[in-house]
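Trainee: Please find one structure pasted underneath; my questions will follow.
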Amino acid sequence: ERLLGGGRRWLAVHIRRGDKAVEAQINFELTDEALAARVSAQCAAWHCTGVFLCTDDAGLKDRLTAQLEAGGLVVSAYPAALPSTSGQAAHFDESLDKYQKAEDVMMETLLMARACHGLLSTYSNVSAAAVYLSPEGYPYTTFWDAVEPFMVDGAFDVLAPSKLPCSAEASASWFAGPVTTFAGPVACAR
């Protein structure tokens, strides 16, 4: 199975923790249960059946994956190298390879921007970069915004996930090469 395949409509979820407590303490005020409930609500509003989960907190990634899957969502995650110490940012962890850390954050950002339907995030510069790299009309919201359906030309978007165009294929002209770091090129299975 490919990272973001399966004919699903993927919601990119980026939860910044690590050292972000200094800049955005509010990112840490959301409980695991609150995060899972908000992700599930956003998936329902945007008709997403899969979650592409990105976070710099390995423990949170494991716990949230289990909660979301127990709730019936499919969860996918890029195999990023993460610190083993809670509260430490990957970019400050000297035990992690510098080039690997850079590749991981770039791959996650590009996948959030180009292979997912939209983005739900905490406060983060990585999330901002994903929005800047996304196509026109890419929906994004934060954990503190109201849950609202996605609008297309003034009407609610009610397309079934199986009828949606593949974000990865639509962005092929922008991304000039296959993504092969994990298990094969990004593509939507039909």
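Labels used: A, B, ... for chains in the order of the structure tokens, numbers from 1 for residues in each chain, and numbers from 1 for ligands as shown.
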Leaving out segment 29-34 of chain A and any residue of its chain fewer than 6 positions from it, which residues lie within 9 Å of it when counting only C-alpha atoms, given as a PyMOL selection string?
Mentor: chain A and resi 60+63-64+67+143
Trainee: Neighbours of Ser40 of chain A within 12 Å (only C-alpha atoms; same-chain residues fewer than 6 positions away dropped), as a ChimeraX atom specification?
Mentor: /A:11,13,33-34,46-51,64-65,67-75,120,143,147
Trainee: May I ask for the distance between atom CA of Leu119 of chain A and atom CA of Thr141 of chain A, given in Å to one decimal place?
Mentor: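 Going from atom CA of Leu119 of chain A over to atom CA of Thr141 of chain A covers 6.3 Å.
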Trainee: Check the smallest atom-to-atom distance from each of A:Val39, A:Ala45, A:Ala77, A:Ile15 to Met107 of chain A using only C-alpha atoms, then report the winner.
Mentor: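 Nearest candidate to Met107 of chain A out of A:Val39, A:Ala45, A:Ala77, A:Ile15: A:Ala77.
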Trainee: Would you please extract all strand (DSSP E) residues from segment 23-140 of chain A, as assigned by DSSP on the backbone, and give them as a list in words?
Mentor: Gly50, Val51, Phe52, Leu53, Cys54, Thr55, Val74, Val75, Ser76, Gly118, Leu119, Leu120, Ser121 and Tyr140 of chain A
Trainee: Name all residues at most 12 Å from Ser127 of chain A (count only C-alpha atoms; drop same-chain ones fewer than 4 positions away) and give them as a PyMOL selection string.
Mentor: chain A and resi 12-16+54-55+105-106+108-113+118-123+131-134+140-142
Trainee: In terms of the shortest atom-to-atom distance over only C-alpha atoms, which of A:Gly5, A:Ala36, A:Tyr99, A:Arg17 is closest to Gly59 of chain A?
Mentor: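 Counting only C-alpha atoms, the residue closest to Gly59 of chain A is A:Arg17.
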Trainee: Quick one, how far is atom CA of Ala102 of chain A from atom CA of Ala81 of chain A?
Mentor: 10.1 Å
Trainee: Tell me, in Å to one decimal, how far atom CA of Asn125 of chain A is from atom CA of Ser76 of chain A.
Mentor: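 Separation of atom CA of Asn125 of chain A and atom CA of Ser76 of chain A: 21.5 Å.
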